[in-house]
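> What follows is protein11.cif, mmCIF, C-alpha atoms; chains and numbers go by the auth columns.
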```
data_coords
loop_
_atom_site.group_PDB
_atom_site.id
_atom_site.type_symbol
_atom_site.label_atom_id
_atom_site.label_comp_id
_atom_site.label_asym_id
_atom_site.label_seq_id
_atom_site.Cartn_x
_atom_site.Cartn_y
_atom_site.Cartn_z
_atom_site.B_iso_or_equiv
_atom_site.auth_seq_id
_atom_site.auth_asym_id
ATOM 1 C CA MET A 1 53.253 126.724 36.749 0.00 1 A
ATOM 2 C CA ALA A 2 53.072 123.739 34.404 0.00 2 A
ATOM 3 C CA THR A 3 56.435 124.695 32.891 0.00 3 A
ATOM 4 C CA TRP A 4 58.099 124.797 36.320 0.00 4 A
ATOM 5 C CA LYS A 5 56.655 121.385 37.242 0.00 5 A
ATOM 6 C CA THR A 6 58.323 119.773 34.213 0.00 6 A
ATOM 7 C CA LEU A 7 61.720 120.930 35.530 0.00 7 A
ATOM 8 C CA LEU A 8 61.284 119.335 38.955 0.00 8 A
ATOM 9 C CA LEU A 9 62.124 115.823 40.104 0.00 9 A
ATOM 10 C CA GLN A 10 59.356 113.439 41.110 0.00 10 A
ATOM 11 C CA ASP A 11 57.992 113.796 44.621 0.00 11 A
ATOM 12 C CA SER A 12 59.371 111.379 47.175 0.00 12 A
ATOM 13 C CA ALA A 13 57.553 108.057 47.229 0.00 13 A
ATOM 14 C CA SER A 14 59.389 106.266 50.039 0.00 14 A
ATOM 15 C CA PRO A 15 60.203 106.975 53.709 0.00 15 A
ATOM 16 C CA ILE A 16 63.941 106.928 52.896 0.00 16 A
ATOM 17 C CA MET A 17 63.609 109.685 50.302 0.00 17 A
ATOM 18 C CA GLU A 18 61.502 111.744 52.711 0.00 18 A
ATOM 19 C CA GLN A 19 64.268 111.468 55.321 0.00 19 A
ATOM 20 C CA LEU A 20 66.876 112.467 52.721 0.00 20 A
ATOM 21 C CA THR A 21 64.766 115.499 51.766 0.00 21 A
ATOM 22 C CA PHE A 22 64.410 116.549 55.411 0.00 22 A
ATOM 23 C CA PHE A 23 68.162 116.182 55.929 0.00 23 A
ATOM 24 C CA HIS A 24 68.867 118.268 52.829 0.00 24 A
ATOM 25 C CA ASP A 25 66.597 121.062 54.118 0.00 25 A
ATOM 26 C CA HIS A 26 68.140 120.829 57.599 0.00 26 A
ATOM 27 C CA THR A 27 71.697 121.156 56.230 0.00 27 A
ATOM 28 C CA LEU A 28 70.751 123.882 53.767 0.00 28 A
ATOM 29 C CA LEU A 29 69.255 126.001 56.568 0.00 29 A
ATOM 30 C CA ILE A 30 72.506 125.745 58.555 0.00 30 A
ATOM 31 C CA LEU A 31 74.533 126.729 55.477 0.00 31 A
ATOM 32 C CA ILE A 32 72.297 129.751 54.834 0.00 32 A
ATOM 33 C CA ILE A 33 72.714 130.952 58.425 0.00 33 A
ATOM 34 C CA ILE A 34 76.514 130.551 58.234 0.00 34 A
ATOM 35 C CA THR A 35 76.679 132.366 54.872 0.00 35 A
ATOM 36 C CA ILE A 36 74.615 135.296 56.156 0.00 36 A
ATOM 37 C CA LEU A 37 76.663 135.556 59.362 0.00 37 A
ATOM 38 C CA VAL A 38 80.049 135.430 57.597 0.00 38 A
ATOM 39 C CA GLY A 39 78.854 137.842 54.895 0.00 39 A
ATOM 40 C CA GLN A 40 77.603 140.333 57.476 0.00 40 A
ATOM 41 C CA MET A 41 80.899 140.179 59.395 0.00 41 A
ATOM 42 C CA LEU A 42 82.918 140.582 56.189 0.00 42 A
ATOM 43 C CA ILE A 43 80.934 143.616 55.082 0.00 43 A
ATOM 44 C CA SER A 44 81.197 145.233 58.524 0.00 44 A
ATOM 45 C CA MET A 45 84.997 144.740 58.530 0.00 45 A
ATOM 46 C CA LEU A 46 85.361 146.205 55.042 0.00 46 A
ATOM 47 C CA PHE A 47 83.394 149.373 55.759 0.00 47 A
ATOM 48 C CA ASN A 48 84.274 150.241 59.364 0.00 48 A
ATOM 49 C CA LYS A 49 87.135 152.611 60.253 0.00 49 A
ATOM 50 C CA PHE A 50 88.143 151.048 63.587 0.00 50 A
ATOM 51 C CA THR A 51 91.834 150.233 64.127 0.00 51 A
ATOM 52 C CA HIS A 52 93.746 148.824 67.066 0.00 52 A
ATOM 53 C CA ARG A 53 97.522 148.902 66.659 0.00 53 A
ATOM 54 C CA PHE A 54 98.175 146.834 69.787 0.00 54 A
ATOM 55 C CA LEU A 55 95.635 144.032 69.182 0.00 55 A
ATOM 56 C CA LEU A 56 97.686 140.825 69.237 0.00 56 A
ATOM 57 C CA GLU A 57 95.216 138.127 70.282 0.00 57 A
ATOM 58 C CA GLY A 58 91.625 137.466 71.273 0.00 58 A
ATOM 59 C CA GLN A 59 91.275 134.319 73.356 0.00 59 A
ATOM 60 C CA LEU A 60 87.488 134.522 73.630 0.00 60 A
ATOM 61 C CA ILE A 61 86.784 134.872 69.907 0.00 61 A
ATOM 62 C CA GLU A 62 89.307 132.134 69.097 0.00 62 A
ATOM 63 C CA MET A 63 87.532 129.764 71.475 0.00 63 A
ATOM 64 C CA ILE A 64 84.185 130.652 69.897 0.00 64 A
ATOM 65 C CA TRP A 65 85.288 130.079 66.295 0.00 65 A
ATOM 66 C CA THR A 66 86.878 126.771 67.292 0.00 66 A
ATOM 67 C CA ILE A 67 84.035 125.310 69.380 0.00 67 A
ATOM 68 C CA LEU A 68 81.091 126.617 67.309 0.00 68 A
ATOM 69 C CA PRO A 69 82.077 124.879 64.020 0.00 69 A
ATOM 70 C CA ALA A 70 82.619 121.630 65.929 0.00 70 A
ATOM 71 C CA LEU A 71 79.097 121.856 67.391 0.00 71 A
ATOM 72 C CA ILE A 72 77.657 122.644 63.941 0.00 72 A
ATOM 73 C CA LEU A 73 79.386 119.577 62.462 0.00 73 A
ATOM 74 C CA ILE A 74 77.908 117.400 65.222 0.00 74 A
ATOM 75 C CA VAL A 75 74.416 118.777 64.496 0.00 75 A
ATOM 76 C CA ILE A 76 74.894 117.821 60.831 0.00 76 A
ATOM 77 C CA ALA A 77 76.631 114.472 61.439 0.00 77 A
ATOM 78 C CA LEU A 78 74.094 112.894 63.828 0.00 78 A
ATOM 79 C CA PRO A 79 71.072 112.900 61.458 0.00 79 A
ATOM 80 C CA SER A 80 73.414 111.928 58.595 0.00 80 A
ATOM 81 C CA LEU A 81 74.608 108.814 60.454 0.00 81 A
ATOM 82 C CA ARG A 82 71.022 107.942 61.333 0.00 82 A
ATOM 83 C CA ILE A 83 70.013 107.976 57.656 0.00 83 A
ATOM 84 C CA LEU A 84 73.068 105.910 56.710 0.00 84 A
ATOM 85 C CA TYR A 85 71.997 103.186 59.140 0.00 85 A
ATOM 86 C CA ILE A 86 68.420 103.304 57.798 0.00 86 A
ATOM 87 C CA LEU A 87 69.708 102.927 54.226 0.00 87 A
ATOM 88 C CA ASP A 88 71.895 99.969 55.170 0.00 88 A
ATOM 89 C CA GLU A 89 69.329 98.036 57.180 0.00 89 A
ATOM 90 C CA LEU A 90 67.196 95.273 55.617 0.00 90 A
ATOM 91 C CA TYR A 91 63.930 94.601 57.452 0.00 91 A
ATOM 92 C CA SER A 92 62.700 91.123 56.426 0.00 92 A
ATOM 93 C CA PRO A 93 62.045 91.815 52.726 0.00 93 A
ATOM 94 C CA MET A 94 58.818 90.393 51.327 0.00 94 A
ATOM 95 C CA ILE A 95 60.168 90.223 47.766 0.00 95 A
ATOM 96 C CA THR A 96 63.664 89.913 46.333 0.00 96 A
ATOM 97 C CA ILE A 97 64.309 91.066 42.771 0.00 97 A
ATOM 98 C CA LYS A 98 67.570 90.805 40.850 0.00 98 A
ATOM 99 C CA ALA A 99 68.510 93.648 38.486 0.00 99 A
ATOM 100 C CA ILE A 100 71.270 92.919 35.963 0.00 100 A
ATOM 101 C CA GLY A 101 72.901 95.693 33.954 0.00 101 A
ATOM 102 C CA HIS A 102 73.898 95.186 30.323 0.00 102 A
ATOM 103 C CA GLN A 103 75.150 97.498 27.591 0.00 103 A
ATOM 104 C CA TRP A 104 72.637 99.109 27.335 0.00 104 A
ATOM 105 C CA TYR A 105 69.528 97.696 28.960 0.00 105 A
ATOM 106 C CA TRP A 106 68.405 96.083 32.206 0.00 106 A
ATOM 107 C CA SER A 107 67.158 92.578 32.859 0.00 107 A
ATOM 108 C CA TYR A 108 65.169 91.509 35.913 0.00 108 A
ATOM 109 C CA GLU A 109 64.616 88.215 37.713 0.00 109 A
ATOM 110 C CA TYR A 110 61.823 87.328 40.148 0.00 110 A
ATOM 111 C CA SER A 111 62.656 84.033 41.864 0.00 111 A
ATOM 112 C CA ASP A 112 60.708 84.121 45.132 0.00 112 A
ATOM 113 C CA TYR A 113 57.489 82.619 43.731 0.00 113 A
ATOM 114 C CA LYS A 114 58.394 81.225 40.345 0.00 114 A
ATOM 115 C CA LYS A 115 61.137 81.841 37.822 0.00 115 A
ATOM 116 C CA ILE A 116 60.263 85.061 35.985 0.00 116 A
ATOM 117 C CA GLU A 117 62.865 86.768 33.800 0.00 117 A
ATOM 118 C CA PHE A 118 62.584 89.584 31.274 0.00 118 A
ATOM 119 C CA ASP A 119 64.650 92.300 29.630 0.00 119 A
ATOM 120 C CA SER A 120 63.761 95.981 29.859 0.00 120 A
ATOM 121 C CA TYR A 121 64.656 98.160 26.865 0.00 121 A
ATOM 122 C CA MET A 122 63.980 101.851 26.339 0.00 122 A
ATOM 123 C CA ILE A 123 61.122 102.515 23.917 0.00 123 A
ATOM 124 C CA PRO A 124 62.556 104.199 20.789 0.00 124 A
ATOM 125 C CA SER A 125 61.264 107.686 19.989 0.00 125 A
ATOM 126 C CA ASN A 126 59.555 106.533 16.780 0.00 126 A
ATOM 127 C CA GLU A 127 57.510 103.936 18.710 0.00 127 A
ATOM 128 C CA LEU A 128 56.311 106.182 21.554 0.00 128 A
ATOM 129 C CA LYS A 129 52.604 106.451 22.271 0.00 129 A
ATOM 130 C CA ASN A 130 50.931 109.616 23.561 0.00 130 A
ATOM 131 C CA PHE A 131 51.065 108.348 27.146 0.00 131 A
ATOM 132 C CA ASN A 132 54.753 107.306 27.064 0.00 132 A
ATOM 133 C CA PHE A 133 57.633 109.378 28.446 0.00 133 A
ATOM 134 C CA ARG A 134 60.493 109.990 26.035 0.00 134 A
ATOM 135 C CA LEU A 135 63.857 108.498 27.132 0.00 135 A
ATOM 136 C CA LEU A 136 62.246 107.200 30.343 0.00 136 A
ATOM 137 C CA ASP A 137 59.637 104.596 29.388 0.00 137 A
ATOM 138 C CA VAL A 138 60.531 100.966 28.750 0.00 138 A
ATOM 139 C CA ASP A 139 58.850 98.034 27.038 0.00 139 A
ATOM 140 C CA ASN A 140 58.801 95.901 30.228 0.00 140 A
ATOM 141 C CA ARG A 141 58.418 97.774 33.495 0.00 141 A
ATOM 142 C CA LEU A 142 59.577 96.470 36.856 0.00 142 A
ATOM 143 C CA VAL A 143 56.284 95.673 38.612 0.00 143 A
ATOM 144 C CA VAL A 144 56.288 95.762 42.430 0.00 144 A
ATOM 145 C CA PRO A 145 53.644 96.064 45.166 0.00 145 A
ATOM 146 C CA PHE A 146 53.511 99.223 47.220 0.00 146 A
ATOM 147 C CA ASN A 147 53.477 99.135 51.042 0.00 147 A
ATOM 148 C CA SER A 148 55.891 96.193 50.892 0.00 148 A
ATOM 149 C CA GLN A 149 59.565 95.922 51.822 0.00 149 A
ATOM 150 C CA ILE A 150 61.455 95.036 48.646 0.00 150 A
ATOM 151 C CA ARG A 151 65.078 93.970 48.299 0.00 151 A
ATOM 152 C CA ILE A 152 67.030 94.631 45.114 0.00 152 A
ATOM 153 C CA LEU A 153 70.095 92.523 44.280 0.00 153 A
ATOM 154 C CA THR A 154 72.079 94.049 41.447 0.00 154 A
ATOM 155 C CA THR A 155 75.084 93.089 39.339 0.00 155 A
ATOM 156 C CA SER A 156 76.395 93.599 35.813 0.00 156 A
ATOM 157 C CA THR A 157 77.535 91.423 32.927 0.00 157 A
ATOM 158 C CA ASP A 158 79.992 93.838 31.319 0.00 158 A
ATOM 159 C CA VAL A 159 80.878 97.246 32.829 0.00 159 A
ATOM 160 C CA ILE A 160 79.861 99.142 35.968 0.00 160 A
ATOM 161 C CA HIS A 161 76.279 100.393 35.809 0.00 161 A
ATOM 162 C CA SER A 162 74.257 102.126 38.522 0.00 162 A
ATOM 163 C CA TRP A 163 70.630 101.356 39.388 0.00 163 A
ATOM 164 C CA ALA A 164 69.119 104.657 40.521 0.00 164 A
ATOM 165 C CA ILE A 165 65.566 105.857 41.235 0.00 165 A
ATOM 166 C CA PRO A 166 65.653 109.465 42.589 0.00 166 A
ATOM 167 C CA SER A 167 62.074 109.490 43.920 0.00 167 A
ATOM 168 C CA LEU A 168 62.819 106.394 46.043 0.00 168 A
ATOM 169 C CA GLY A 169 66.223 107.572 47.262 0.00 169 A
ATOM 170 C CA ILE A 170 68.034 104.631 45.637 0.00 170 A
ATOM 171 C CA LYS A 171 71.400 104.636 43.893 0.00 171 A
ATOM 172 C CA ILE A 172 73.491 101.474 43.934 0.00 172 A
ATOM 173 C CA ASP A 173 76.305 100.331 41.674 0.00 173 A
ATOM 174 C CA SER A 174 75.910 97.228 39.517 0.00 174 A
ATOM 175 C CA THR A 175 79.425 95.822 39.430 0.00 175 A
ATOM 176 C CA PRO A 176 80.609 92.835 37.344 0.00 176 A
ATOM 177 C CA GLY A 177 81.427 89.838 39.522 0.00 177 A
ATOM 178 C CA ARG A 178 79.843 91.387 42.614 0.00 178 A
ATOM 179 C CA LEU A 179 76.323 91.269 44.054 0.00 179 A
ATOM 180 C CA ASN A 180 75.187 94.467 45.783 0.00 180 A
ATOM 181 C CA GLN A 181 71.905 94.864 47.619 0.00 181 A
ATOM 182 C CA THR A 182 69.618 97.610 48.813 0.00 182 A
ATOM 183 C CA ASN A 183 66.004 97.889 49.847 0.00 183 A
ATOM 184 C CA PHE A 184 63.091 100.244 49.350 0.00 184 A
ATOM 185 C CA PHE A 185 59.513 100.720 50.501 0.00 185 A
ATOM 186 C CA ILE A 186 57.082 102.454 48.125 0.00 186 A
ATOM 187 C CA ASN A 187 54.214 104.129 49.970 0.00 187 A
ATOM 188 C CA ARG A 188 51.899 104.872 47.038 0.00 188 A
ATOM 189 C CA ALA A 189 50.921 103.539 43.636 0.00 189 A
ATOM 190 C CA GLY A 190 52.381 105.088 40.508 0.00 190 A
ATOM 191 C CA LEU A 191 55.163 105.121 37.944 0.00 191 A
ATOM 192 C CA PHE A 192 58.679 105.959 39.085 0.00 192 A
ATOM 193 C CA PHE A 193 61.537 106.575 36.694 0.00 193 A
ATOM 194 C CA GLY A 194 65.289 106.459 36.922 0.00 194 A
ATOM 195 C CA GLN A 195 68.332 105.943 34.732 0.00 195 A
ATOM 196 C CA CYS A 196 71.756 104.351 34.880 0.00 196 A
ATOM 197 C CA SER A 197 73.862 106.817 36.877 0.00 197 A
ATOM 198 C CA GLU A 198 77.272 105.453 35.922 0.00 198 A
ATOM 199 C CA ILE A 199 78.982 106.421 32.663 0.00 199 A
ATOM 200 C CA CYS A 200 78.887 102.976 31.043 0.00 200 A
ATOM 201 C CA GLY A 201 79.512 103.650 27.370 0.00 201 A
ATOM 202 C CA ALA A 202 78.096 105.225 24.214 0.00 202 A
ATOM 203 C CA ASN A 203 74.428 104.549 25.009 0.00 203 A
ATOM 204 C CA HIS A 204 74.706 105.271 28.732 0.00 204 A
ATOM 205 C CA SER A 205 71.824 107.758 28.588 0.00 205 A
ATOM 206 C CA PHE A 206 69.503 105.276 26.886 0.00 206 A
ATOM 207 C CA MET A 207 69.023 102.614 29.564 0.00 207 A
ATOM 208 C CA PRO A 208 66.227 103.958 31.781 0.00 208 A
ATOM 209 C CA ILE A 209 64.562 102.244 34.726 0.00 209 A
ATOM 210 C CA SER A 210 60.787 102.247 35.078 0.00 210 A
ATOM 211 C CA ILE A 211 59.000 100.949 38.183 0.00 211 A
ATOM 212 C CA GLU A 212 55.256 100.410 38.294 0.00 212 A
ATOM 213 C CA ALA A 213 53.922 100.204 41.857 0.00 213 A
ATOM 214 C CA ILE A 214 50.564 98.447 42.196 0.00 214 A
ATOM 215 C CA SER A 215 48.532 96.929 45.012 0.00 215 A
ATOM 216 C CA SER A 216 49.403 93.499 46.409 0.00 216 A
ATOM 217 C CA LYS A 217 46.200 92.048 44.944 0.00 217 A
ATOM 218 C CA TYR A 218 47.057 93.118 41.402 0.00 218 A
ATOM 219 C CA PHE A 219 50.683 92.131 41.885 0.00 219 A
ATOM 220 C CA ILE A 220 49.693 88.545 42.725 0.00 220 A
ATOM 221 C CA SER A 221 47.479 88.513 39.622 0.00 221 A
ATOM 222 C CA TRP A 222 50.403 89.791 37.546 0.00 222 A
ATOM 223 C CA ILE A 223 52.706 87.091 38.956 0.00 223 A
ATOM 224 C CA ASN A 224 50.162 84.390 38.138 0.00 224 A
ATOM 225 C CA SER A 225 49.744 85.667 34.588 0.00 225 A
ATOM 226 C CA GLN A 226 53.455 85.435 33.793 0.00 226 A
#
```
As structure tokens, what does this structure read like?


Amino acid sequence: MATWKTLLLQDSASPIMEQLTFFHDHTLLILIIITILVGQMLISMLFNKFTHRFLLEGQLIEMIWTILPALILIVIALPSLRILYILDELYSPMITIKAIGHQWYWSYEYSDYKKIEFDSYMIPSNELKNFNFRLLDVDNRLVVPFNSQIRILTTSTDVIHSWAIPSLGIKIDSTPGRLNQTNFFINRAGLFFGQCSEICGANHSFMPISIEAISSKYFISWINSQ
């Protein structure tokens, strides 16, 4: 069981990722039903011996296979549009953080309370401690409070990067000369890892993202200590 767990992604830690997971399961169930139905019909047509030399049309079946796919697409599209609106909406963020992509590291800026800036580099393999995660841990983690609406502004200084945290359902491009924004809400404490998801050069796979979610009390203490 432990081996299988190492192959899985982190569990969802935000309401957005939970909605994305539910939508994935919803769509996958529809696809399984369609695959079974089409497969069963194909097998029955291959192995039956029925022939009808004068069969030219079937109005009823043509209406069914025209209307039914349209209804299935509506059933898939409605929850998809709902999630798109949820992803796009910003609900009075409590904190705004700026993430800037470089070749090949991230830098972060907190400017809501006081000017805090730092760079976040991947920890090299020869400097890893027993509790660090190889290729995922960084020297300066992005510290945020959980149970708080957080806005991320992201850009880049050189090429296109992508700020992505799978367990939070976030993936947004960091584009030079452009400021993109997204938001997230972490519902539990913990460490959450991601990586640049845009092919940005030779060391593309060595610029991870590490978020440390802590309580609001400890976050205020961390802000004051900077």

> For a test of reading the model, state the distance in Å between CA of Ser174 in chain A and CA of Trp104 in chain A, rounded to one decimal.

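According to the coordinates, CA of Ser174 in chain A and CA of Trp104 in chain A are separated by 12.8 Å.
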
> Return the single residue from A:Ser12, A:Ser205, A:Ser216, A:Gln195 that is closest to Met94 in chain A, with distances computed using all atoms listed in the file.

A:Ser216

> Which residue, A:Lys217, A:Arg178, A:Lys129, A:His161, has the smallest gap to Gly201 in chain A when you use all atoms listed in the file?

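Among A:Lys217, A:Arg178, A:Lys129, A:His161, it is A:His161 that comes nearest to Gly201 in chain A.
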
> Starting from the point (62.7, 97.5, 45.4), work out which residues of protein, DNA or RNA have an atom no more than 12 Å away when counting all atoms listed in the file; state them as a PDB file with C-alpha atoms, keeping the file's coordinate frame.


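Result saved to out.pdb:
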```
ATOM      1  CA  ALA A  13      57.553 108.057  47.229  1.00  0.00           C
ATOM      2  CA  SER A  14      59.389 106.266  50.039  1.00  0.00           C
ATOM      3  CA  LEU A  90      67.196  95.273  55.617  1.00  0.00           C
ATOM      4  CA  PRO A  93      62.045  91.815  52.726  1.00  0.00           C
ATOM      5  CA  MET A  94      58.818  90.393  51.327  1.00  0.00           C
ATOM      6  CA  ILE A  95      60.168  90.223  47.766  1.00  0.00           C
ATOM      7  CA  THR A  96      63.664  89.913  46.333  1.00  0.00           C
ATOM      8  CA  ILE A  97      64.309  91.066  42.771  1.00  0.00           C
ATOM      9  CA  LYS A  98      67.570  90.805  40.850  1.00  0.00           C
ATOM     10  CA  ALA A  99      68.510  93.648  38.486  1.00  0.00           C
ATOM     11  CA  TYR A 108      65.169  91.509  35.913  1.00  0.00           C
ATOM     12  CA  TYR A 110      61.823  87.328  40.148  1.00  0.00           C
ATOM     13  CA  LEU A 142      59.577  96.470  36.856  1.00  0.00           C
ATOM     14  CA  VAL A 143      56.284  95.673  38.612  1.00  0.00           C
ATOM     15  CA  VAL A 144      56.288  95.762  42.430  1.00  0.00           C
ATOM     16  CA  PRO A 145      53.644  96.064  45.166  1.00  0.00           C
ATOM     17  CA  PHE A 146      53.511  99.223  47.220  1.00  0.00           C
ATOM     18  CA  ASN A 147      53.477  99.135  51.042  1.00  0.00           C
ATOM     19  CA  SER A 148      55.891  96.193  50.892  1.00  0.00           C
ATOM     20  CA  GLN A 149      59.565  95.922  51.822  1.00  0.00           C
ATOM     21  CA  ILE A 150      61.455  95.036  48.646  1.00  0.00           C
ATOM     22  CA  ARG A 151      65.078  93.970  48.299  1.00  0.00           C
ATOM     23  CA  ILE A 152      67.030  94.631  45.114  1.00  0.00           C
ATOM     24  CA  LEU A 153      70.095  92.523  44.280  1.00  0.00           C
ATOM     25  CA  THR A 154      72.079  94.049  41.447  1.00  0.00           C
ATOM     26  CA  TRP A 163      70.630 101.356  39.388  1.00  0.00           C
ATOM     27  CA  ALA A 164      69.119 104.657  40.521  1.00  0.00           C
ATOM     28  CA  ILE A 165      65.566 105.857  41.235  1.00  0.00           C
ATOM     29  CA  LEU A 168      62.819 106.394  46.043  1.00  0.00           C
ATOM     30  CA  GLY A 169      66.223 107.572  47.262  1.00  0.00           C
ATOM     31  CA  ILE A 170      68.034 104.631  45.637  1.00  0.00           C
ATOM     32  CA  LYS A 171      71.400 104.636  43.893  1.00  0.00           C
ATOM     33  CA  ILE A 172      73.491 101.474  43.934  1.00  0.00           C
ATOM     34  CA  GLN A 181      71.905  94.864  47.619  1.00  0.00           C
ATOM     35  CA  THR A 182      69.618  97.610  48.813  1.00  0.00           C
ATOM     36  CA  ASN A 183      66.004  97.889  49.847  1.00  0.00           C
ATOM     37  CA  PHE A 184      63.091 100.244  49.350  1.00  0.00           C
ATOM     38  CA  PHE A 185      59.513 100.720  50.501  1.00  0.00           C
ATOM     39  CA  ILE A 186      57.082 102.454  48.125  1.00  0.00           C
ATOM     40  CA  ASN A 187      54.214 104.129  49.970  1.00  0.00           C
ATOM     41  CA  PHE A 192      58.679 105.959  39.085  1.00  0.00           C
ATOM     42  CA  ILE A 209      64.562 102.244  34.726  1.00  0.00           C
ATOM     43  CA  SER A 210      60.787 102.247  35.078  1.00  0.00           C
ATOM     44  CA  ILE A 211      59.000 100.949  38.183  1.00  0.00           C
ATOM     45  CA  GLU A 212      55.256 100.410  38.294  1.00  0.00           C
ATOM     46  CA  ALA A 213      53.922 100.204  41.857  1.00  0.00           C
TER      47      ALA A 213
END
```

> Would you mind reading off the distance between CA of Ser120 in chain A and CA of Arg141 in chain A, one decimal, in Å?

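These two atoms are separated by 6.7 Å.
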
> List the residues selected by the PyMOL selection byres ((chain A and resi 31-46) around 12) in the file shown, writing them as a ChimeraX atom specification.

/A:24-30,47-51,65,68-69,72-73,76

> State, in Å with one decimal place, the distance from CA of Gln10 in chain A to CA of Ser167 in chain A.

5.6 Å

> Please provide as an NGL selection string all residues within 6 Å of Ile100 in chain A, with the sequence filter that same-chain residues fewer than 5 positions apart are discarded (counting all atoms listed in the file).

:A and (106-107 or 154-156)

> Any chance you could work out the residue set of the PyMOL selection byres ((chain A and resi 200) around 9) here, as a PyMOL selection string?

chain A and resi 103-104+159-162+196-199+201-205

> Save out the residues we just selected, C-alpha atoms, as a short mmCIF file (atom, residue, chain, number, x, y, z; two decimals), keeping the file's coordinate frame.


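Result went into out.cif, see below:
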```cif
data_model
loop_
_atom_site.label_atom_id
_atom_site.label_comp_id
_atom_site.auth_asym_id
_atom_site.auth_seq_id
_atom_site.Cartn_x
_atom_site.Cartn_y
_atom_site.Cartn_z
CA GLN A 103 75.15 97.50 27.59
CA TRP A 104 72.64 99.11 27.34
CA VAL A 159 80.88 97.25 32.83
CA ILE A 160 79.86 99.14 35.97
CA HIS A 161 76.28 100.39 35.81
CA SER A 162 74.26 102.13 38.52
CA CYS A 196 71.76 104.35 34.88
CA SER A 197 73.86 106.82 36.88
CA GLU A 198 77.27 105.45 35.92
CA ILE A 199 78.98 106.42 32.66
CA GLY A 201 79.51 103.65 27.37
CA ALA A 202 78.10 105.22 24.21
CA ASN A 203 74.43 104.55 25.01
CA HIS A 204 74.71 105.27 28.73
CA SER A 205 71.82 107.76 28.59
#
```

> Would you kindly return, as number ranges by chain, each protein, DNA or RNA residue with an atom no farther than 9 Å from any atom of Asp158 in chain A, considering only C-alpha atoms and excluding same-chain residues fewer than 6 positions away?

A: 101-103, 175-176

> Using only C-alpha atoms, which protein or nucleic acid residues come within 12 Å of Ser125 in chain A? Drop anything in the same chain fewer than 4 positions from it, and give the result as a list in words.

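Here the qualifying residues turn out to be Lys129, Asn130, Asn132, Phe133, Arg134, Leu135, Leu136, Asp137, Val138 and Phe206 of chain A.
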
> Using all atoms listed in the file, find the one residue out of A:Pro208, A:Pro166, A:Ile67, A:Gln59 that sits nearest to Ile16 in chain A.

A:Pro166

> Kindly indicate which residue among A:Met63, A:Met207, A:Leu179, A:Ala70 lies nearest to Pro124 in chain A, using only C-alpha atoms for the distances.

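Closest to Pro124 in chain A of all the choices is A:Met207.
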